[in-house]
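Visitor: One structure, as structure tokens, below. Some questions next.
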Amino acid sequence: MRETVALFRKHSFVLALLLTVALFVGNVIAQSSFASWSNVPDQLATFAPLAIAAAASMPAILSGNGGIDISIGPTMSLVNAVLVFSLFPHHVPAPLAIVIVLAISTAVGLVNGLMVGKLRYPPVVATLCMFFVLQGVILKIAPTARQASHNWTVDLGQSVGPIPGGLILIAAPVVVWLLLKLTPYVRALYSVGGNDAAAFSSGIQVTYVRLLAYALGGLFAGIGGIALTALVQSADPAFATEYTLLAIAAVSLGGTPIGGGRGGLTGTLLGAAVIYLLQTFLAAVNVSPNYTTGVYGLLLVGALVFGSLVTRGPRLGGAQ
Amino acid sequence: MKTDIAGARSERDLAGSVAAPGEPGADRGGLSPAEAGRRPLSSGLRVLRGAQERAPVAQLVVIIAIFIYGTATIDGFSSWSSVKSMLVLAALLGISAAGPTLVILIGGFDLAVPAYIAAAATMTTQLSGASHWPFVALAALIVALAALIGAATGWLCHRFKLEPLVVTLGTGAFITGAILVWTNGTADGAAPGWLSRFVSPAGHTLGLGIPPLIVMWIVLALVLIVGLRQTVTGRRIYATGMNPRAAEYAHVRTRRLWTGTFAVASALSGITGILLAGFAGGGDLTIGNPYLFQGLAAIIVGGVALGAIGSYGNTVIGALLLTVLTTILVGKGAGQAEQQILAGVLIALVVGIHGRERRVRDRV
């Protein structure tokens, strides 16, 4: 028992891992075709936008001091709108289009980072402003929903050669994150998130670490926007808010506290997997989709309480 | 070290005065350590800043300026009927932001507001229109349910030290899910007719041409402002929001306070939903969506900030400012897109003046 608790304490993603495995097994039992290879590309393509949105929310949350990026959803939606309304109709080649949209989304993240890091806006406020501005811009670009013309993202929504497109999309932020782990940056990010004053005292450029965290979130959100486009093959200004909230939930389920400084990408992706697999499981056992939202809400609160119980013990009450 | 959203503020407030919590400028009153790093101000600027920290003066000036500009350039802008509809819209926004204001003052965050609003609007429509419940019964049920879920949220957050931001995400999903299961997503029936008249800009109060909703907003605002400022509970809310540990040492029962504040805030969101059902003639699950971020915008523009800064009066000013601004933009033919962009820029400007955090080097 004590070892189990110790395991939960050491690896905050264990709960998400257990839930993912349980729900995966549940899915396979409920619907044997779930794990068949022909089904995998579709599943991954549907999972990709949520997983990447969660990955995009993570750096800001890790950076601490109330770090959070509300504008992740609208950033994905902006990339989606730019692709469908501006780039596809002009048959912009894929590499150039990817560079353009990722540049846009990273720039959005940089502005967030400047406001939070340099200008010292509270993160909720800075990214809320960005949220409003982006929603306005999206409405300008895409006043109504529109179907995408035939384009290069169709393959990403299915398979590129033998590889599922969704896998490539999810791998992109993972590879970027792993490469960053080779640099001192990720370590600096965790120490800033844990205690920014202490990090500052030990010579870490707190401002720039934060700034980069938001830019990184923007970059990931850009990849998420491509994944969203590959999945839905249309643009709709209504996509904007949904992913922001789901992504924050996924990060939390994955064991990364909103306070920052702990957690990581493994847990975040597992947290997203829990939300996704829960949806497919409830659909597979013929529960009306109406129940999904409620069950997901209960699961989120339950997982938080459980995480708090095993990691911090029940005795801590009262003042913070 | 405390690292939640309110963290930065409450640490700053350790340096400030705990004796007079809730004064918007309490933590910046004297020469705090932060002051030492600032450029010296001329005495005129100092007076202005002092005034701004006590009341949202700049926001009031902006409202008046926009209003004069509107009167000068748009026909009928300052006619009584136009002012009435602006006030009604501001009242809906302001009442929807009342709950979140309380939650922010105590150091929390509420993302479940749209769910409470949508659930209450749907219940009002369904129970009154299709099931013919008497209004008093359904209103009591809605307020009781909302308060119960809110109390549970506040208690859970405090007991298990959970982030209210994420917990309310969960409770919001739970509420929406419950309503989905119950109604299949569409509510039958309509809100009672008298409720629609109550909320309508053309309504009358005691024979006077003032819409009852505006009277209700004024009463609510007075109760909240006086309650927060003059009652023991109100002062305890500020003490808890500013520095929960210090409040605990001062024998404030912070858990009870968190539970109660979330319950009242959720009940207020439920009441907003009932009113909106009357305003829109019916309710559905998306009716609350705009109010999450617009309400937050009103709170922030008005000058309420995390860590128990500001009061409901600030939110009222914020709601009025946003509504007058939107009305002008609509009058000038601006679309939804321009309104959103301007709202974003405006919040950035206002917070840039008064709401920025301290430098890390000043917090070492």
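Identifiers in the structure tokens: chain A, B, ... in order shown; residue index from 1 per chain; ligand index from 1 in order shown.
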Can you write out as a Markdown table which residues of chain A fall within 8 Å of chain B, alongside each residue's closest atom pair and its distance in Å to one decimal, counting only C-alpha atoms and ordering rows by chain and ascending residue number?
Guide:
```
| residue | atom | partner | partner_atom | distance |
| --- | --- | --- | --- | --- |
| A:Gly64 | CA | B:Thr3 | CA | 6.7 |
| A:Asn65 | CA | B:Thr3 | CA | 5.6 |
| A:Gly66 | CA | B:Ile5 | CA | 3.8 |
| A:Gly67 | CA | B:Ile5 | CA | 7.5 |
| A:Leu119 | CA | B:Arg356 | CA | 7.5 |
| A:Arg120 | CA | B:Glu357 | CA | 5.2 |
| A:Tyr121 | CA | B:Arg356 | CA | 5.0 |
| A:Pro122 | CA | B:Arg356 | CA | 6.6 |
| A:Val125 | CA | B:Ala348 | CA | 7.6 |
| A:Ala126 | CA | B:Ala348 | CA | 6.9 |
| A:Leu128 | CA | B:Gly344 | CA | 7.3 |
| A:Cys129 | CA | B:Gly344 | CA | 4.0 |
| A:Met130 | CA | B:Gly344 | CA | 6.3 |
| A:Phe131 | CA | B:Gly344 | CA | 7.4 |
| A:Phe132 | CA | B:Gly344 | CA | 4.9 |
| A:Val133 | CA | B:Ile341 | CA | 4.0 |
| A:Leu134 | CA | B:Ile341 | CA | 7.2 |
| A:Gln135 | CA | B:Gln340 | CA | 6.6 |
| A:Gly136 | CA | B:Ala337 | CA | 3.8 |
| A:Val137 | CA | B:Ala337 | CA | 6.4 |
| A:Ile138 | CA | B:Ala337 | CA | 7.8 |
| A:Leu139 | CA | B:Ala337 | CA | 5.4 |
| A:Lys140 | CA | B:Ala337 | CA | 6.0 |
| A:Gly194 | CA | B:Thr3 | CA | 7.7 |
| A:Asn195 | CA | B:Met1 | CA | 7.3 |
| A:Asp196 | CA | B:Val360 | CA | 7.1 |
| A:Ala197 | CA | B:Val364 | CA | 5.0 |
| A:Ala198 | CA | B:Val364 | CA | 7.1 |
| A:Phe200 | CA | B:Val360 | CA | 7.1 |
| A:Ser201 | CA | B:Val364 | CA | 7.1 |
| A:Val206 | CA | B:Val360 | CA | 7.7 |
| A:Leu245 | CA | B:Leu169 | CA | 7.3 |
| A:Ile248 | CA | B:Val166 | CA | 7.4 |
| A:Ala249 | CA | B:Val166 | CA | 6.5 |
| A:Ser252 | CA | B:Val166 | CA | 7.3 |
| A:Ile258 | CA | B:Glu163 | CA | 6.9 |
| A:Gly259 | CA | B:Asp4 | CA | 4.7 |
| A:Gly260 | CA | B:Thr3 | CA | 7.3 |
| A:Asn290 | CA | B:Val181 | CA | 5.3 |
| A:Tyr291 | CA | B:Gly177 | CA | 5.9 |
| A:Thr292 | CA | B:Gly177 | CA | 7.0 |
| A:Thr293 | CA | B:Gly177 | CA | 4.6 |
| A:Gly294 | CA | B:Gly177 | CA | 3.8 |
| A:Val295 | CA | B:Phe174 | CA | 6.8 |
| A:Tyr296 | CA | B:Ala173 | CA | 7.0 |
| A:Gly297 | CA | B:Gly170 | CA | 4.0 |
| A:Leu298 | CA | B:Phe174 | CA | 6.1 |
| A:Leu299 | CA | B:Gly170 | CA | 7.8 |
| A:Leu300 | CA | B:Gly170 | CA | 5.5 |
| A:Val301 | CA | B:Gly170 | CA | 5.6 |
| A:Leu304 | CA | B:Leu162 | CA | 7.0 |
| A:Val305 | CA | B:Phe160 | CA | 6.4 |
| A:Ser308 | CA | B:Phe160 | CA | 6.0 |
| A:Leu309 | CA | B:Phe160 | CA | 7.2 |
| A:Pro314 | CA | B:Phe160 | CA | 7.4 |
| A:Leu316 | CA | B:Phe160 | CA | 7.7 |
| A:Gly317 | CA | B:Arg159 | CA | 5.6 |
| A:Gly318 | CA | B:Arg255 | CA | 6.6 |
| A:Ala319 | CA | B:Arg245 | CA | 4.6 |
| A:Gln320 | CA | B:Arg245 | CA | 5.8 |
```
Visitor: Looking only at helix (DSSP H, G or I) from DSSP on the backbone, list the matching residues of segment 87-130 of chain B as a ChimeraX atom specification.
Guide: /B:87-96,98-105,113-130
Visitor: Residues as selected, N, CA and C atoms, written as a CSV table (one decimal), in the first residue's frame, can you do that?
Guide:
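And here's result-v3.csv as it stands now:
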```
chain,number,residue,atom,x,y,z
B,87,LEU,N,-29.2,49.9,-20.3
B,87,LEU,CA,-29.2,49.6,-18.9
B,87,LEU,C,-29.6,48.1,-18.7
B,88,VAL,N,-30.6,47.7,-19.5
B,88,VAL,CA,-31.1,46.3,-19.3
B,88,VAL,C,-30.0,45.3,-19.7
B,89,LEU,N,-29.3,45.6,-20.8
B,89,LEU,CA,-28.2,44.8,-21.2
B,89,LEU,C,-27.1,44.8,-20.2
B,90,ALA,N,-26.8,46.0,-19.7
B,90,ALA,CA,-25.7,46.1,-18.7
B,90,ALA,C,-26.1,45.3,-17.4
B,91,ALA,N,-27.4,45.4,-17.1
B,91,ALA,CA,-27.9,44.7,-15.9
B,91,ALA,C,-27.7,43.2,-16.0
B,92,LEU,N,-28.1,42.6,-17.2
B,92,LEU,CA,-27.9,41.2,-17.4
B,92,LEU,C,-26.4,40.8,-17.3
B,93,LEU,N,-25.6,41.6,-17.9
B,93,LEU,CA,-24.1,41.3,-17.8
B,93,LEU,C,-23.6,41.5,-16.4
B,94,GLY,N,-24.1,42.6,-15.8
B,94,GLY,CA,-23.6,42.8,-14.4
B,94,GLY,C,-24.1,41.8,-13.4
B,95,ILE,N,-25.4,41.3,-13.5
B,95,ILE,CA,-25.9,40.3,-12.6
B,95,ILE,C,-25.2,39.0,-12.9
B,96,SER,N,-24.9,38.7,-14.2
B,96,SER,CA,-24.2,37.4,-14.5
B,96,SER,C,-22.8,37.5,-13.9
B,98,ALA,N,-21.9,38.9,-11.1
B,98,ALA,CA,-21.9,39.1,-9.6
B,98,ALA,C,-21.3,37.9,-8.9
B,99,GLY,N,-21.7,36.7,-9.3
B,99,GLY,CA,-21.2,35.5,-8.7
B,99,GLY,C,-19.7,35.4,-8.9
B,100,PRO,N,-19.2,35.5,-10.2
B,100,PRO,CA,-17.8,35.4,-10.4
B,100,PRO,C,-17.0,36.4,-9.7
B,101,THR,N,-17.6,37.6,-9.5
B,101,THR,CA,-16.9,38.7,-8.7
B,101,THR,C,-16.6,38.2,-7.3
B,102,LEU,N,-17.6,37.7,-6.6
B,102,LEU,CA,-17.4,37.2,-5.3
B,102,LEU,C,-16.4,36.1,-5.2
B,103,VAL,N,-16.4,35.2,-6.2
B,103,VAL,CA,-15.5,34.0,-6.2
B,103,VAL,C,-14.1,34.5,-6.4
B,104,ILE,N,-13.9,35.5,-7.3
B,104,ILE,CA,-12.6,36.1,-7.5
B,104,ILE,C,-12.1,36.8,-6.3
B,105,LEU,N,-13.0,37.5,-5.6
B,105,LEU,CA,-12.5,38.2,-4.4
B,105,LEU,C,-12.0,37.3,-3.3
B,113,VAL,N,-19.9,29.1,-14.7
B,113,VAL,CA,-21.0,30.1,-14.8
B,113,VAL,C,-21.9,29.8,-16.0
B,114,PRO,N,-21.4,29.5,-17.2
B,114,PRO,CA,-22.3,29.3,-18.3
B,114,PRO,C,-23.2,28.0,-18.1
B,115,ALA,N,-22.7,27.0,-17.4
B,115,ALA,CA,-23.5,25.8,-17.1
B,115,ALA,C,-24.6,26.1,-16.2
B,116,TYR,N,-24.3,26.9,-15.1
B,116,TYR,CA,-25.4,27.3,-14.2
B,116,TYR,C,-26.5,28.1,-15.0
B,117,ILE,N,-26.0,29.1,-15.8
B,117,ILE,CA,-27.0,29.9,-16.5
B,117,ILE,C,-27.8,29.1,-17.4
B,118,ALA,N,-27.2,28.2,-18.2
B,118,ALA,CA,-27.9,27.4,-19.2
B,118,ALA,C,-28.9,26.5,-18.5
B,119,ALA,N,-28.4,25.8,-17.4
B,119,ALA,CA,-29.3,24.9,-16.7
B,119,ALA,C,-30.5,25.6,-16.2
B,120,ALA,N,-30.3,26.8,-15.5
B,120,ALA,CA,-31.4,27.5,-14.9
B,120,ALA,C,-32.4,28.0,-16.0
B,121,ALA,N,-31.8,28.4,-17.2
B,121,ALA,CA,-32.7,28.9,-18.2
B,121,ALA,C,-33.5,27.7,-18.8
B,122,THR,N,-32.8,26.6,-19.0
B,122,THR,CA,-33.5,25.4,-19.5
B,122,THR,C,-34.6,25.0,-18.5
B,123,MET,N,-34.3,24.9,-17.2
B,123,MET,CA,-35.2,24.4,-16.3
B,123,MET,C,-36.4,25.4,-16.2
B,124,THR,N,-36.2,26.7,-16.3
B,124,THR,CA,-37.3,27.7,-16.2
B,124,THR,C,-38.2,27.4,-17.4
B,125,THR,N,-37.6,27.3,-18.6
B,125,THR,CA,-38.4,27.1,-19.8
B,125,THR,C,-39.2,25.8,-19.7
B,126,GLN,N,-38.5,24.7,-19.4
B,126,GLN,CA,-39.1,23.4,-19.4
B,126,GLN,C,-40.2,23.3,-18.3
B,127,LEU,N,-39.8,23.6,-17.0
B,127,LEU,CA,-40.7,23.4,-15.9
B,127,LEU,C,-41.9,24.3,-16.0
B,128,SER,N,-41.7,25.6,-16.4
B,128,SER,CA,-42.8,26.5,-16.4
B,128,SER,C,-43.6,26.3,-17.7
B,129,GLY,N,-43.0,26.1,-18.8
B,129,GLY,CA,-43.7,26.0,-20.1
B,129,GLY,C,-44.4,24.7,-20.3
B,130,ALA,N,-43.6,23.6,-20.1
B,130,ALA,CA,-44.1,22.3,-20.4
B,130,ALA,C,-44.8,21.6,-19.2
```
Visitor: List as a VMD selection string the protein and nucleic acid residues near Leu325 of chain B, meaning an atom at most 12 Å away when only C-alpha atoms are counted, but skip any in the same chain fewer than 5 places from it.
Guide: chain B and resid 59 62 to 70 77 86 89 to 90 298 318 to 320 330 to 332 334 338 to 340 342 to 343 346
Visitor: Using DSSP secondary structure from the backbone, list all strand (DSSP E or B) positions within segment 148-258 of chain A, as a PyMOL selection string.
Guide: chain A and resi 159-160+163-164+234-235
Visitor: So, with only C-alpha atoms as the atoms that count, which of A:Tyr276, A:Trp152, A:Gly203, A:Thr256 lies closest to Val92 of chain A?
Guide: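 Of A:Tyr276, A:Trp152, A:Gly203, A:Thr256, the one nearest Val92 of chain A, counting only C-alpha atoms, is A:Trp152.
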Visitor: Contacts of Gly263 of chain A at 8 Å or less, counting only C-alpha atoms, minus same-chain residues fewer than 2 places along, as a JSON list (two decimals) with N, CA, C and O atoms, in the first residue's frame?
Guide:
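around.json, written as the output of this step:
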```json
[["chain", "number", "residue", "atom", "x", "y", "z"],
["A", 12, "SER", "N", 3.21, 11.58, -11.22],
["A", 12, "SER", "CA", 1.86, 12.13, -11.12],
["A", 12, "SER", "C", 0.94, 11.59, -12.21],
["A", 12, "SER", "O", -0.26, 11.75, -12.14],
["A", 13, "PHE", "N", 1.54, 10.94, -13.26],
["A", 13, "PHE", "CA", 0.68, 10.50, -14.36],
["A", 13, "PHE", "C", 0.14, 9.09, -14.18],
["A", 13, "PHE", "O", -0.57, 8.58, -15.03],
["A", 62, "LEU", "N", 2.98, 24.87, -16.88],
["A", 62, "LEU", "CA", 4.23, 24.50, -16.21],
["A", 62, "LEU", "C", 4.99, 25.72, -15.73],
["A", 62, "LEU", "O", 5.71, 25.67, -14.74],
["A", 254, "GLY", "N", -3.91, 14.62, -16.28],
["A", 254, "GLY", "CA", -2.60, 14.01, -16.48],
["A", 254, "GLY", "C", -1.64, 14.28, -15.35],
["A", 254, "GLY", "O", -0.47, 13.93, -15.44],
["A", 255, "GLY", "N", -2.09, 14.95, -14.28],
["A", 255, "GLY", "CA", -1.26, 15.10, -13.10],
["A", 255, "GLY", "C", -0.40, 16.35, -13.08],
["A", 255, "GLY", "O", 0.46, 16.48, -12.23],
["A", 256, "THR", "N", -0.63, 17.27, -14.02],
["A", 256, "THR", "CA", 0.11, 18.53, -13.97],
["A", 256, "THR", "C", -0.75, 19.55, -13.23],
["A", 256, "THR", "O", -1.80, 19.92, -13.72],
["A", 257, "PRO", "N", -0.32, 19.99, -12.04],
["A", 257, "PRO", "CA", -1.16, 20.94, -11.30],
["A", 257, "PRO", "C", -1.14, 22.31, -11.97],
["A", 257, "PRO", "O", -0.15, 22.67, -12.61],
["A", 260, "GLY", "N", 1.81, 24.77, -11.60],
["A", 260, "GLY", "CA", 3.04, 24.70, -12.38],
["A", 260, "GLY", "C", 4.18, 23.99, -11.68],
["A", 260, "GLY", "O", 4.09, 23.60, -10.51],
["A", 261, "GLY", "N", 5.26, 23.79, -12.44],
["A", 261, "GLY", "CA", 6.48, 23.25, -11.87],
["A", 261, "GLY", "C", 6.54, 21.73, -11.76],
["A", 261, "GLY", "O", 7.59, 21.18, -11.48],
["A", 265, "LEU", "N", 4.73, 16.05, -20.25],
["A", 265, "LEU", "CA", 4.03, 15.74, -21.49],
["A", 265, "LEU", "C", 3.40, 14.34, -21.46],
["A", 265, "LEU", "O", 2.30, 14.15, -21.97],
["A", 267, "GLY", "N", 2.06, 12.64, -18.97],
["A", 267, "GLY", "CA", 0.79, 12.71, -18.27],
["A", 267, "GLY", "C", -0.25, 13.47, -19.07],
["A", 267, "GLY", "O", -1.41, 13.08, -19.13],
["A", 268, "THR", "N", 0.18, 14.58, -19.69],
["A", 268, "THR", "CA", -0.75, 15.39, -20.46],
["A", 268, "THR", "C", -1.39, 14.59, -21.58],
["A", 268, "THR", "O", -2.62, 14.61, -21.77]]
```
Visitor: Could you please determine the separation between atom CA of Phe47 of chain A and atom CA of Leu17 of chain A in Å, to one decimal place?
Guide: 16.2 Å
Visitor: Separation of atom CA of Gly271 of chain A and atom CA of Ala151 of chain B, in Å?
Guide: 27.0 Å
Visitor: List the spatial neighbours of segment 222-228 of chain A as a short mmCIF file (atom, residue, chain, number, x, y, z; two decimals) with all heavy atoms, in the first residue's frame - criterion: any atom at most 7 Å away, only C-alpha atoms, same-chain residues fewer than 6 positions off excluded.
Guide:
```cif
data_model
loop_
_atom_site.label_atom_id
_atom_site.label_comp_id
_atom_site.auth_asym_id
_atom_site.auth_seq_id
_atom_site.Cartn_x
_atom_site.Cartn_y
_atom_site.Cartn_z
N ALA A 48 -6.03 13.29 -32.28
CA ALA A 48 -4.92 14.23 -32.43
C ALA A 48 -5.22 15.67 -31.98
O ALA A 48 -4.44 16.23 -31.20
CB ALA A 48 -4.40 14.20 -33.87
N PRO A 49 -6.32 16.30 -32.44
CA PRO A 49 -6.51 17.72 -32.05
C PRO A 49 -6.57 17.89 -30.53
O PRO A 49 -5.98 18.83 -29.99
CB PRO A 49 -7.86 18.08 -32.67
CG PRO A 49 -8.09 17.10 -33.74
CD PRO A 49 -7.41 15.84 -33.32
N ILE A 52 -3.03 17.32 -28.98
CA ILE A 52 -2.09 18.42 -29.26
C ILE A 52 -2.53 19.69 -28.54
O ILE A 52 -1.70 20.46 -28.04
CB ILE A 52 -1.98 18.63 -30.79
CG1 ILE A 52 -1.48 17.34 -31.45
CG2 ILE A 52 -1.03 19.77 -31.09
CD1 ILE A 52 -1.54 17.34 -32.95
N ALA A 53 -3.85 19.90 -28.44
CA ALA A 53 -4.33 21.06 -27.68
C ALA A 53 -3.86 20.97 -26.23
O ALA A 53 -3.43 21.96 -25.62
CB ALA A 53 -5.85 21.14 -27.74
N THR A 75 -6.48 29.90 -31.09
CA THR A 75 -5.31 29.83 -31.96
C THR A 75 -5.46 28.67 -32.94
O THR A 75 -5.18 28.80 -34.15
CB THR A 75 -4.01 29.64 -31.13
OG1 THR A 75 -3.99 30.61 -30.09
CG2 THR A 75 -2.78 29.79 -31.99
N MET A 76 -5.90 27.52 -32.45
CA MET A 76 -6.14 26.38 -33.33
C MET A 76 -7.19 26.73 -34.37
O MET A 76 -7.07 26.42 -35.55
CB MET A 76 -6.62 25.17 -32.51
CG MET A 76 -5.51 24.52 -31.69
SD MET A 76 -6.14 23.26 -30.55
CE MET A 76 -6.87 22.07 -31.66
N SER A 77 -8.23 27.41 -33.90
CA SER A 77 -9.32 27.79 -34.79
C SER A 77 -8.84 28.77 -35.86
O SER A 77 -9.27 28.72 -37.01
CB SER A 77 -10.44 28.39 -33.95
OG SER A 77 -11.61 28.45 -34.66
N VAL A 79 -5.74 29.00 -37.12
CA VAL A 79 -4.97 28.23 -38.11
C VAL A 79 -5.93 27.50 -39.04
O VAL A 79 -5.76 27.51 -40.27
CB VAL A 79 -4.04 27.24 -37.38
CG1 VAL A 79 -3.50 26.20 -38.34
CG2 VAL A 79 -2.91 27.99 -36.71
N ASN A 80 -6.95 26.89 -38.45
CA ASN A 80 -7.98 26.20 -39.23
C ASN A 80 -8.62 27.14 -40.26
O ASN A 80 -8.74 26.80 -41.44
CB ASN A 80 -9.00 25.63 -38.23
CG ASN A 80 -10.22 25.06 -38.88
OD1 ASN A 80 -11.32 25.57 -38.71
ND2 ASN A 80 -10.05 23.99 -39.64
N VAL A 101 1.36 28.85 -41.35
CA VAL A 101 0.44 28.75 -40.21
C VAL A 101 1.19 28.61 -38.89
O VAL A 101 0.78 29.17 -37.87
CB VAL A 101 -0.61 27.61 -40.35
CG1 VAL A 101 -1.56 27.89 -41.48
CG2 VAL A 101 0.05 26.26 -40.51
N LEU A 102 2.32 27.88 -38.91
CA LEU A 102 3.06 27.75 -37.65
C LEU A 102 3.68 29.08 -37.26
O LEU A 102 3.77 29.40 -36.06
CB LEU A 102 4.13 26.65 -37.76
CG LEU A 102 3.59 25.22 -37.89
CD1 LEU A 102 4.71 24.20 -37.79
CD2 LEU A 102 2.51 24.92 -36.87
N SER A 105 0.84 31.04 -35.64
CA SER A 105 0.46 30.59 -34.29
C SER A 105 1.58 30.87 -33.29
O SER A 105 1.31 31.23 -32.14
CB SER A 105 0.10 29.11 -34.31
OG SER A 105 1.25 28.32 -34.50
N LEU A 169 1.09 13.72 -36.59
CA LEU A 169 0.72 15.00 -35.99
C LEU A 169 1.04 15.02 -34.50
O LEU A 169 1.60 15.99 -33.98
CB LEU A 169 -0.76 15.28 -36.22
CG LEU A 169 -1.12 15.66 -37.66
CD1 LEU A 169 -2.60 15.50 -37.91
CD2 LEU A 169 -0.68 17.09 -37.95
#
```
Visitor: Name all residues at most 10 Å from Met216 of chain B (count only C-alpha atoms; drop same-chain ones fewer than 5 positions away) and give them as a list in words.
Guide: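 Final neighbour list, sorted by chain and number: Ala91, Ile95, Phe198, Val199, Pro211, Ala221 and Leu222 of chain B.
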Visitor: Would you work out the distance separating atom CA of Gly154 of chain B from atom CA of Met242 of chain B, expressed in Å to one decimal?
Guide: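 Computing the Euclidean distance for atom CA of Gly154 of chain B and atom CA of Met242 of chain B yields 16.9 Å.
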